[in-house]
>>> print(open('upload.txt').read())   # compact mmCIF, C-alpha atoms
# COMPACT_ATOMS: atom_id res chain seq x y z
CA MET A 1 -24.58 29.20 -58.98
CA THR A 2 -21.86 27.45 -57.15
CA ASP A 3 -18.38 28.86 -56.88
CA HIS A 4 -16.18 25.89 -56.20
CA GLN A 5 -12.59 26.85 -55.56
CA PRO A 6 -10.20 24.12 -56.66
CA SER A 7 -8.30 22.73 -53.70
CA PRO A 8 -4.51 22.89 -53.91
CA ASN A 9 -4.37 19.17 -53.12
CA PRO A 10 -6.74 16.55 -54.42
CA PRO A 11 -9.13 15.50 -51.65
CA GLY A 12 -8.03 11.86 -51.74
CA VAL A 13 -4.37 12.74 -51.25
CA GLU A 14 -5.10 15.08 -48.33
CA HIS A 15 -7.24 12.43 -46.67
CA SER A 16 -4.60 9.75 -46.98
CA ALA A 17 -1.93 12.07 -45.52
CA ASP A 18 -4.19 12.72 -42.52
CA GLU A 19 -4.80 9.01 -42.16
CA ARG A 20 -1.09 8.30 -42.29
CA PHE A 21 -0.49 10.95 -39.63
CA CYS A 22 -3.24 9.40 -37.48
CA ALA A 23 -1.90 5.88 -37.95
CA ALA A 24 1.59 7.00 -36.94
CA ALA A 25 0.31 8.67 -33.77
CA LEU A 26 0.00 5.46 -31.72
CA PRO A 27 3.56 4.27 -32.44
CA ARG A 28 4.72 7.81 -31.61
CA ILE A 29 2.90 7.68 -28.25
CA ARG A 30 4.53 4.31 -27.57
CA ASN A 31 7.95 5.79 -28.40
CA PHE A 32 7.27 8.78 -26.14
CA MET A 33 6.43 6.31 -23.35
CA LEU A 34 9.65 4.39 -23.98
CA ILE A 35 11.67 7.62 -23.82
CA LEU A 36 9.82 9.28 -20.93
CA GLY A 37 9.82 6.18 -18.68
CA PRO A 38 13.59 5.71 -18.24
CA VAL A 39 14.28 9.47 -18.19
CA LEU A 40 11.72 10.14 -15.44
CA CYS A 41 12.85 7.00 -13.60
CA VAL A 42 16.40 8.31 -13.40
CA ALA A 43 15.04 11.70 -12.32
CA ALA A 44 13.00 9.99 -9.57
CA TRP A 45 16.07 8.05 -8.44
CA VAL A 46 18.12 11.24 -8.16
CA THR A 47 15.36 13.24 -6.49
CA PHE A 48 13.44 10.79 -4.28
CA GLY A 49 15.70 7.75 -3.88
CA LEU A 50 15.88 4.16 -5.05
CA ARG A 51 12.60 2.87 -3.63
CA SER A 52 10.53 5.59 -5.24
CA ALA A 53 12.37 5.04 -8.51
CA LEU A 54 11.65 1.31 -8.37
CA GLY A 55 7.99 2.01 -7.66
CA PHE A 56 7.92 4.47 -10.53
CA LEU A 57 9.56 1.91 -12.84
CA LEU A 58 6.98 -0.71 -11.87
CA GLY A 59 4.21 1.81 -12.50
CA CYS A 60 5.70 2.62 -15.90
CA VAL A 61 5.88 -1.09 -16.81
CA ILE A 62 2.27 -1.64 -15.75
CA ALA A 63 1.13 1.46 -17.66
CA TYR A 64 3.01 0.36 -20.78
CA LEU A 65 1.55 -3.17 -20.65
CA ASN A 66 -1.88 -1.72 -19.94
CA PHE A 67 -1.59 0.55 -22.98
CA GLN A 68 -0.40 -2.27 -25.24
CA TRP A 69 -3.20 -4.58 -24.12
CA LEU A 70 -5.74 -1.81 -24.52
CA LYS A 71 -4.47 -1.22 -28.05
CA SER A 72 -4.65 -4.90 -28.96
CA GLY A 73 -8.09 -5.18 -27.33
CA VAL A 74 -9.42 -2.22 -29.32
CA SER A 75 -7.83 -3.63 -32.48
CA GLY A 76 -9.53 -6.98 -31.86
CA LEU A 77 -12.82 -5.22 -31.26
CA ALA A 78 -12.45 -3.26 -34.51
CA ASP A 79 -11.58 -6.48 -36.38
CA ARG A 80 -14.68 -8.07 -34.97
CA VAL A 81 -16.92 -5.13 -35.89
CA THR A 82 -15.59 -4.69 -39.41
CA ASN A 83 -15.19 -8.46 -40.05
CA THR A 84 -11.57 -8.04 -41.08
CA GLY A 85 -8.36 -9.68 -39.93
CA LYS A 86 -8.16 -12.82 -37.88
CA PRO A 87 -11.51 -13.53 -36.22
CA GLN A 88 -11.24 -13.45 -32.42
CA SER A 89 -13.70 -14.69 -29.85
CA SER A 90 -15.66 -12.04 -28.00
CA LYS A 91 -14.83 -13.79 -24.72
CA GLY A 92 -11.12 -13.38 -25.44
CA ILE A 93 -11.54 -9.67 -26.13
CA VAL A 94 -13.50 -9.13 -22.90
CA ALA A 95 -11.02 -11.26 -20.94
CA ARG A 96 -8.13 -9.17 -22.27
CA PHE A 97 -9.92 -5.98 -21.21
CA LEU A 98 -10.53 -7.34 -17.71
CA LEU A 99 -7.07 -8.86 -17.33
CA ARG A 100 -5.59 -5.37 -17.40
CA TYR A 101 -7.42 -4.42 -14.22
CA VAL A 102 -6.37 -7.71 -12.56
CA LEU A 103 -2.73 -6.95 -13.39
CA LEU A 104 -3.05 -3.42 -12.00
CA GLY A 105 -4.70 -4.65 -8.80
CA VAL A 106 -2.20 -7.45 -8.19
CA ALA A 107 0.79 -5.15 -8.72
CA ALA A 108 -0.67 -2.45 -6.46
CA TYR A 109 -1.46 -5.03 -3.76
CA ALA A 110 2.00 -6.58 -4.01
CA ILE A 111 3.78 -3.26 -3.73
CA LEU A 112 1.42 -2.06 -0.96
CA THR A 113 2.18 -5.11 1.18
CA SER A 114 5.90 -5.35 0.45
CA PHE A 115 7.16 -1.77 -0.10
CA PRO A 116 4.56 0.76 1.08
CA ALA A 117 7.10 3.59 0.71
CA SER A 118 7.22 3.22 -3.08
CA LEU A 119 3.47 3.32 -3.64
CA ARG A 120 3.58 7.02 -4.53
CA GLY A 121 6.14 6.23 -7.20
CA LEU A 122 3.86 3.50 -8.53
CA PHE A 123 0.96 5.93 -8.80
CA ALA A 124 3.17 8.46 -10.56
CA GLY A 125 4.36 5.79 -12.99
CA LEU A 126 0.79 4.87 -13.87
CA PHE A 127 0.40 8.31 -15.45
CA LEU A 128 3.08 7.62 -18.04
CA PRO A 129 0.57 7.30 -20.94
CA VAL A 130 -0.90 10.69 -20.01
CA GLY A 131 2.55 12.24 -20.23
CA ALA A 132 3.15 10.54 -23.56
CA ILE A 133 -0.22 11.81 -24.87
CA VAL A 134 0.67 15.34 -23.76
CA CYS A 135 3.98 15.04 -25.66
CA GLU A 136 2.05 13.77 -28.69
CA ALA A 137 -0.35 16.72 -28.43
CA PHE A 138 2.58 19.15 -28.43
CA TYR A 139 4.11 17.31 -31.40
CA GLU A 140 0.82 17.49 -33.33
CA LEU A 141 0.56 21.20 -32.52
CA TYR A 142 4.09 21.69 -33.82
CA ALA A 143 3.30 19.64 -36.95
CA ALA A 144 0.13 21.66 -37.55
CA PHE A 145 2.02 24.97 -37.25
CA ARG A 146 4.68 23.64 -39.62
CA ARG A 147 2.05 22.54 -42.15
CA ASP A 148 0.32 25.91 -41.92
CA GLY A 149 3.65 27.69 -42.37
CA SER A 150 4.55 25.64 -45.44
CA GLY A 151 1.02 26.08 -46.83
CA GLN A 152 1.23 29.88 -46.61
CA ASP A 153 4.62 30.03 -48.35
CA MET B 154 -34.63 -5.76 -15.01
CA ARG B 155 -36.55 -3.51 -12.64
CA GLN B 156 -36.50 -6.18 -9.94
CA LEU B 157 -32.78 -6.61 -10.45
CA SER B 158 -32.14 -2.90 -10.00
CA ARG B 159 -34.28 -2.92 -6.83
CA LEU B 160 -32.27 -5.87 -5.52
CA PHE B 161 -29.02 -4.00 -6.18
CA MET B 162 -30.37 -0.92 -4.43
CA ILE B 163 -31.32 -2.96 -1.35
CA LEU B 164 -27.94 -4.70 -1.33
CA SER B 165 -26.10 -1.39 -1.57
CA ALA B 166 -28.21 0.01 1.27
CA LEU B 167 -27.31 -3.03 3.38
CA CYS B 168 -23.63 -2.48 2.64
CA PHE B 169 -23.89 0.96 4.18
CA ALA B 170 -26.09 -0.18 7.07
CA MET B 171 -23.71 -2.76 8.51
CA PRO B 172 -20.67 -0.54 9.14
CA ALA B 173 -22.94 2.28 10.29
CA PHE B 174 -24.48 0.14 13.01
CA ALA B 175 -21.13 -1.37 13.94
CA GLN B 176 -19.79 1.96 15.11
CA GLY B 177 -20.29 2.52 18.79
CA GLY B 178 -19.80 6.14 19.83
CA GLY B 179 -19.40 9.30 17.79
CA THR B 180 -17.85 9.08 14.35
CA SER B 181 -14.31 10.36 14.23
CA GLU B 182 -12.81 12.44 11.46
CA ALA B 183 -10.85 9.48 10.11
CA SER B 184 -13.97 7.43 9.49
CA TRP B 185 -15.58 10.34 7.63
CA ILE B 186 -12.49 10.59 5.44
CA ALA B 187 -12.74 6.87 4.71
CA ILE B 188 -16.45 7.14 3.91
CA THR B 189 -16.02 10.10 1.58
CA ALA B 190 -13.02 8.43 -0.05
CA GLY B 191 -15.11 5.35 -0.73
CA PHE B 192 -17.94 7.47 -2.14
CA SER B 193 -15.65 9.49 -4.37
CA MET B 194 -13.91 6.39 -5.72
CA ALA B 195 -17.27 4.73 -6.32
CA ILE B 196 -18.62 7.79 -8.15
CA ALA B 197 -15.44 8.16 -10.21
CA SER B 198 -15.41 4.47 -11.14
CA ALA B 199 -19.08 4.48 -12.05
CA VAL B 200 -18.86 7.60 -14.21
CA CYS B 201 -15.64 6.44 -15.87
CA GLY B 202 -17.23 3.06 -16.57
CA LEU B 203 -20.25 4.75 -18.10
CA ALA B 204 -18.04 7.03 -20.17
CA GLN B 205 -15.93 4.13 -21.42
CA GLY B 206 -19.04 2.17 -22.32
CA LYS B 207 -20.45 5.15 -24.19
CA ALA B 208 -17.16 5.73 -26.02
CA VAL B 209 -16.86 2.09 -27.06
CA ALA B 210 -20.51 1.96 -28.14
CA ALA B 211 -20.15 5.11 -30.26
CA ALA B 212 -16.88 3.88 -31.78
CA THR B 213 -18.24 0.44 -32.69
CA GLU B 214 -21.33 2.03 -34.20
CA SER B 215 -19.18 4.40 -36.25
CA LEU B 216 -16.93 1.53 -37.34
CA ALA B 217 -19.91 -0.54 -38.41
CA ARG B 218 -21.30 2.40 -40.41
CA ASN B 219 -18.00 3.43 -41.96
CA PRO B 220 -15.28 0.75 -41.83
CA ALA B 221 -13.02 2.89 -44.05
CA ALA B 222 -12.59 5.40 -41.23
CA ARG B 223 -11.10 2.75 -38.97
CA PRO B 224 -7.63 4.31 -38.28
CA GLY B 225 -9.07 7.60 -37.07
CA ILE B 226 -11.83 6.03 -35.00
CA GLN B 227 -9.49 3.48 -33.45
CA PHE B 228 -6.96 6.16 -32.55
CA ALA B 229 -9.62 8.37 -31.00
CA LEU B 230 -11.08 5.43 -29.07
CA ILE B 231 -7.71 4.37 -27.62
CA LEU B 232 -6.89 7.95 -26.69
CA GLY B 233 -10.31 8.43 -25.10
CA LEU B 234 -10.14 5.20 -23.12
CA VAL B 235 -6.65 6.01 -21.81
CA LEU B 236 -7.70 9.49 -20.74
CA ILE B 237 -10.90 8.23 -19.10
CA GLU B 238 -8.93 5.58 -17.21
CA SER B 239 -6.46 8.20 -16.10
CA LEU B 240 -9.32 10.20 -14.56
CA ALA B 241 -10.16 7.22 -12.33
CA LEU B 242 -6.47 6.93 -11.50
CA TYR B 243 -6.35 10.63 -10.56
CA THR B 244 -9.17 10.02 -8.10
CA LEU B 245 -7.40 6.98 -6.68
CA ALA B 246 -4.15 8.91 -6.28
CA ILE B 247 -5.89 11.86 -4.58
CA ILE B 248 -7.73 9.48 -2.23
CA PHE B 249 -4.49 7.71 -1.42
CA LEU B 250 -2.76 10.98 -0.65
CA LYS B 251 -5.64 12.20 1.52
CA VAL B 252 -6.37 8.97 3.41
CA LYS B 253 -2.75 7.94 3.99
>>> encode(input="upload.txt", output="structure tokens")
Amino acid sequence: MTDHQPSPNPPGVEHSADERFCAAALPRIRNFMLILGPVLCVAAWVTFGLRSALGFLLGCVIAYLNFQWLKSGVSGLADRVTNTGKPQSSKGIVARFLLRYVLLGVAAYAILTSFPASLRGLFAGLFLPVGAIVCEAFYELYAAFRRDGSGQD
Amino acid sequence: MRQLSRLFMILSALCFAMPAFAQGGGTSEASWIAITAGFSMAIASAVCGLAQGKAVAAATESLARNPAARPGIQFALILGLVLIESLALYTLAIIFLKVK
């Protein structure tokens, strides 16, 4: 004997809401990066000076580009695996993955040779996606609490 | 494949041998810091590379099995890759702070 309790929401609807929440997470992380970058850059300028702020800004730009290229690389890979979207060459996908490291290395070398004082700022700026992911985690926690609260009412 | 791995092992041993023999007297503290920094960066890079490879392999396998679950898998993969990369960056930042 099975005692199936009817779910308050149909399973399909619940699944699509979760999927929509998941799909909106990446744009939210990007927005968090776009907000956090300038705010922290101004804070670095006030606290540590112009050079550190410039290094931090460069780090933020590299981290943002790195994140965008990673996203497009993963999207291309998923297109290739699922045979959907515009077909891309596997060499192009691999080249895009590797180009990110080349960009990171060139920027770090350039700033190391020209402005060694701002290298700490550059390293701090490279952690911008981590900060954005932490913000997203807190947002998801808040959204989960809100959903639970509205579900209990 | 086995011969290739042996060749890489010999080459890596030679990489260590040359600077070791180049040093004349006793090794100073600074050189030990440089050596340990190199080892820690190498270990971090290798483990992060392995982890990224494993994450991508698992994600592509899951995508091939269930293409309908693409948004969730893609999101988890991007998040995982970013966090794994940041671990290598943490190591680099710590090494930079210690060696500088």
>>> atom_distance(input="upload.txt", atom1="atom CA of Ile93 of chain A", atom2="atom CA of Leu70 of chain A")
9.9 Å
>>> interface_residues(input="upload.txt", of="chain B", to="chain A", cutoff="8 Å", atoms="all atoms listed in the file", output="CSV table (one decimal) with C-alpha atoms, keeping the file's coordinate frame")
chain,number,residue,atom,x,y,z
B,213,THR,CA,-18.2,0.4,-32.7
B,216,LEU,CA,-16.9,1.5,-37.3
B,217,ALA,CA,-19.9,-0.5,-38.4
B,220,PRO,CA,-15.3,0.8,-41.8
B,223,ARG,CA,-11.1,2.8,-39.0
B,224,PRO,CA,-7.6,4.3,-38.3
B,225,GLY,CA,-9.1,7.6,-37.1
B,227,GLN,CA,-9.5,3.5,-33.4
B,228,PHE,CA,-7.0,6.2,-32.6
B,230,LEU,CA,-11.1,5.4,-29.1
B,231,ILE,CA,-7.7,4.4,-27.6
B,232,LEU,CA,-6.9,8.0,-26.7
B,235,VAL,CA,-6.6,6.0,-21.8
B,236,LEU,CA,-7.7,9.5,-20.7
B,239,SER,CA,-6.5,8.2,-16.1
B,242,LEU,CA,-6.5,6.9,-11.5
B,246,ALA,CA,-4.2,8.9,-6.3
>>> axis_aligned_box(input="upload.txt", around="segment 117-134 of chain A", padding_each_side="5 Å", output="lines of an AutoDock Vina configuration file")
center_x = 3.2
center_y = 9.3
center_z = -12.1
size_x = 18.1
size_y = 22.1
size_z = 35.6
>>> closest_residue(input="upload.txt", among="A:Leu112, A:Tyr64, A:Gly149, A:Ala17", to="Phe32 of chain A", atoms="all atoms listed in the file")
A:Tyr64
>>> atom_distance(input="upload.txt", atom1="atom CA of Gly206 of chain B", atom2="atom CA of Val94 of chain A")
12.6 Å
>>> atom_distance(input="upload.txt", atom1="atom CA of Gly233 of chain B", atom2="atom CA of Val134 of chain A")
13.0 Å
>>> residues_around(input="upload.txt", residues="segment 185-200 of chain B", least_positions_apart="4", cutoff="9 Å", atoms="only C-alpha atoms", output="JSON, numbers by chain")
{"B": [180, 181, 204, 205, 238, 240, 241, 244, 245, 248, 249, 251, 252]}
>>> write_last_selection(input="upload.txt", atoms="C-alpha atoms", output="mmCIF file, in the frame of the given file")
data_model
loop_
_atom_site.group_PDB
_atom_site.id
_atom_site.type_symbol
_atom_site.label_atom_id
_atom_site.label_comp_id
_atom_site.auth_asym_id
_atom_site.auth_seq_id
_atom_site.Cartn_x
_atom_site.Cartn_y
_atom_site.Cartn_z
ATOM 1 C CA THR B 180 -17.850 9.080 14.350
ATOM 2 C CA SER B 181 -14.310 10.360 14.230
ATOM 3 C CA ALA B 204 -18.040 7.030 -20.170
ATOM 4 C CA GLN B 205 -15.930 4.130 -21.420
ATOM 5 C CA GLU B 238 -8.930 5.580 -17.210
ATOM 6 C CA LEU B 240 -9.320 10.200 -14.560
ATOM 7 C CA ALA B 241 -10.160 7.220 -12.330
ATOM 8 C CA THR B 244 -9.170 10.020 -8.100
ATOM 9 C CA LEU B 245 -7.400 6.980 -6.680
ATOM 10 C CA ILE B 248 -7.730 9.480 -2.230
ATOM 11 C CA PHE B 249 -4.490 7.710 -1.420
ATOM 12 C CA LYS B 251 -5.640 12.200 1.520
ATOM 13 C CA VAL B 252 -6.370 8.970 3.410
#
